[in-house]
Amino acid sequence: MTADTASGVDGHQMLDFVGIGFGPSNLALAIAVMEHNAEPGVTRPVTAEFVECKPEFGWHTGMLIPGATMQISFLKDLVTQRNPQSEFTFLQYLTERGRLTEFINFKTFFPTRLEFHDYLVWAADKVTVPVRYGTRAVSVRDVDGAFEIELTGEHAGVLRGRNVVIAGGLTPHLPPDVSPSARQVHNHGFLHDLERLPSREHNRFVVVGAGQSAAEVAAYLHDMSEATEVHGVFAKYGYSPADDSPFANRVFDPDAVDDFYSAAPGVRRQLIDYHRSTNYSAVDLPLIEDLYAREYAERVAGRRRLFLRGASSILKADESDGGVRVHILHHPTGDIDELDCDAVIYATGFLPAPLTDILGELHGDLVLEAGMPVVSRDYRLTTSRDIAGGLYIQGNTEHSHGLTSSLLSNIAVRSAEILQSIDARRLDCVAGPAVGTQSLS
């Protein structure tokens, strides 16, 4: 639903909250609002509106590599762990798409990323909470006991809300000496950037990184044609398997968030270090075995197209109109190989979107510890003074809430917790100004 059908806009209505960003996290929250408002006995529905800078819903569209599968169960969809009877479950999506029986016969918990993206788009199309696509929130101000969110773009204007829920997503991270260009790209936009590549004079690509995305990109490029040469470069000797064993996956359980949040800082660091292999620089074992088999078969045949360069890194990359000359350092020997390639794809991870870009001057009111925002259990930012209402964040909470911070694993339960907090706090606002956010004053 777009802002064109909203009942009150541009300051004429005080919303219970404004959601900034409309990816999977705030989509799950919008669904939670819809279902809350439809419950019997609700006399005062929660009012909300969302803004999204993209022109339409999209989830990492540059990474929808054909055949790439999800690394979490389809049961960890937008709603099931909060409300298994919801009309927004992945199973309901399959039913409406006419594929439920076929999916059951497929005997998998892990749909392709392309299918899960279609599920998310299907859900976004069904949402009736207003969403302003093609619109960017450029500032959040504390004005007369409310937040004023200034918007630019297709639905420019000002929204007023008692609370704000920020789901700014992730920002692609490149090595510090790399400037993005047409030939040096982050894997986040890989498929789009590959289409826009100026030329392919060398039929050679370099893929930097040791995680799932790097391995998927290397496999995709290797499949692209019999003439394409691919070099995977990573500091490890080889790709490491992801730990998706049942006990390790407990780190993503909703109850694990409570454990992590209540733990001492040292214990939190230990838990993240212990379980990094569930999410970071880890690859599904079947893909590792597939890439190894490809490389070995080429060694046997005597015609190499796939080179997995372990214990290595990019020393420098000199770009020209016709390609990129890459200098690859092999750490144990100090040997340097020079390759002329068409592009370098950096699968080097993501960072949380900076809160300063959205909050502006309000960022100066945040309480920080070791450079990270202090966040309450219900995902509210802690401030040094009382402000208009609650500033909630989805993402950027790994340090406080654990590894589920930027993942899909817990979004259904997290949405319920955030909505419950907003609903409980707004009851105090009916007869007067909004209560202040949690503060240390």
# chains A, B, ... in the order shown; residues from 1 in each chain; ligands from 1
$ residues_around --residues "A:Val129" --least-positions-apart "6" --cutoff "8 Å" --atoms "only C-alpha atoms" --output "MDAnalysis selection string"
chainID A and resid 1 30 33:34 48:50
$ select_by_dssp --residues "stretch 242-421 of chain A" --states "strand (DSSP E)" --output "number ranges by chain"
A: 306-309, 312-320, 323-330, 336-341, 343-346, 350-352, 368-369, 372-373, 391-393
$ residues_around --residues "A:Leu221" --least-positions-apart "4" --cutoff "10 Å" --atoms "only C-alpha atoms" --output "list in words"
Leu194, Asn203, Arg204, Phe205, Val206, Val207, Glu216, Val217, Ser225, Thr228, Glu229, Val230, His231 and Leu306 of chain A
$ residues_around --residues "A:Asp253" --least-positions-apart "4" --cutoff "10 Å" --atoms "only C-alpha atoms" --output "PyMOL selection string"
chain A and resi 249+257-258+404+409-410+413
$ select_by_dssp --residues "stretch 216-409 of chain A" --states "helix (DSSP H, G or I)" --output "MDAnalysis selection string"
chainID A and resid 216:224 248:252 254:262 265:274 276:278 285:301 356:365 398:401 403:406
$ closest_atom_pairs --of "stretch 113-225 of chain A" --to "stretch 242-245 of chain A" --cutoff "12 Å" --atoms "only C-alpha atoms" --output "CSV"
residue,atom,partner,partner_atom,distance
A:Ala210,CA,A:Ala242,CA,11.1
A:Gly211,CA,A:Ala242,CA,8.9
A:Gln212,CA,A:Ala242,CA,8.6
$ closest_residue --among "A:Ser181, A:Ser406, A:Thr135, A:Thr397" --to "A:Asp193" --atoms "only C-alpha atoms"
A:Ser181
$ closest_residue --among "A:Ile358, A:Gly62, A:Glu226, A:Gly98" --to "A:Glu150" --atoms "only C-alpha atoms"
A:Ile358
$ atom_distance --atom1 "atom CA of A:Gly21" --atom2 "atom CA of A:Arg268"
28.1 Å
$ atom_distance --atom1 "atom CA of A:Asp144" --atom2 "atom CA of A:Phe17"
15.7 Å
$ residues_around --residues "A:Ile336" --least-positions-apart "4" --cutoff "12 Å" --atoms "only C-alpha atoms" --output "JSON, numbers by chain"
{"A": [309, 312, 313, 314, 315, 316, 326, 327, 328, 329, 330, 331, 332]}
$ closest_residue --among "A:Thr112, A:Ser421, A:Gly157, A:Ile20" --to "A:Asp357" --atoms "only C-alpha atoms"
A:Ile20
$ residues_around --residues "A:Pro352" --least-positions-apart "5" --cutoff "8 Å" --atoms "only C-alpha atoms" --output "JSON, numbers by chain"
{"A": [168, 169, 170, 171, 395, 396]}
$ residues_around --residues "stretch 73-89 of chain A" --least-positions-apart "3" --cutoff "10 Å" --atoms "only C-alpha atoms" --output "ChimeraX atom specification"
/A:24-29,31-32,35,70,92-95,108-112,116,119-120,122-124,126-127,254,408-417
$ atom_distance --atom1 "atom CA of A:Ala347" --atom2 "atom CA of A:His192"
14.8 Å
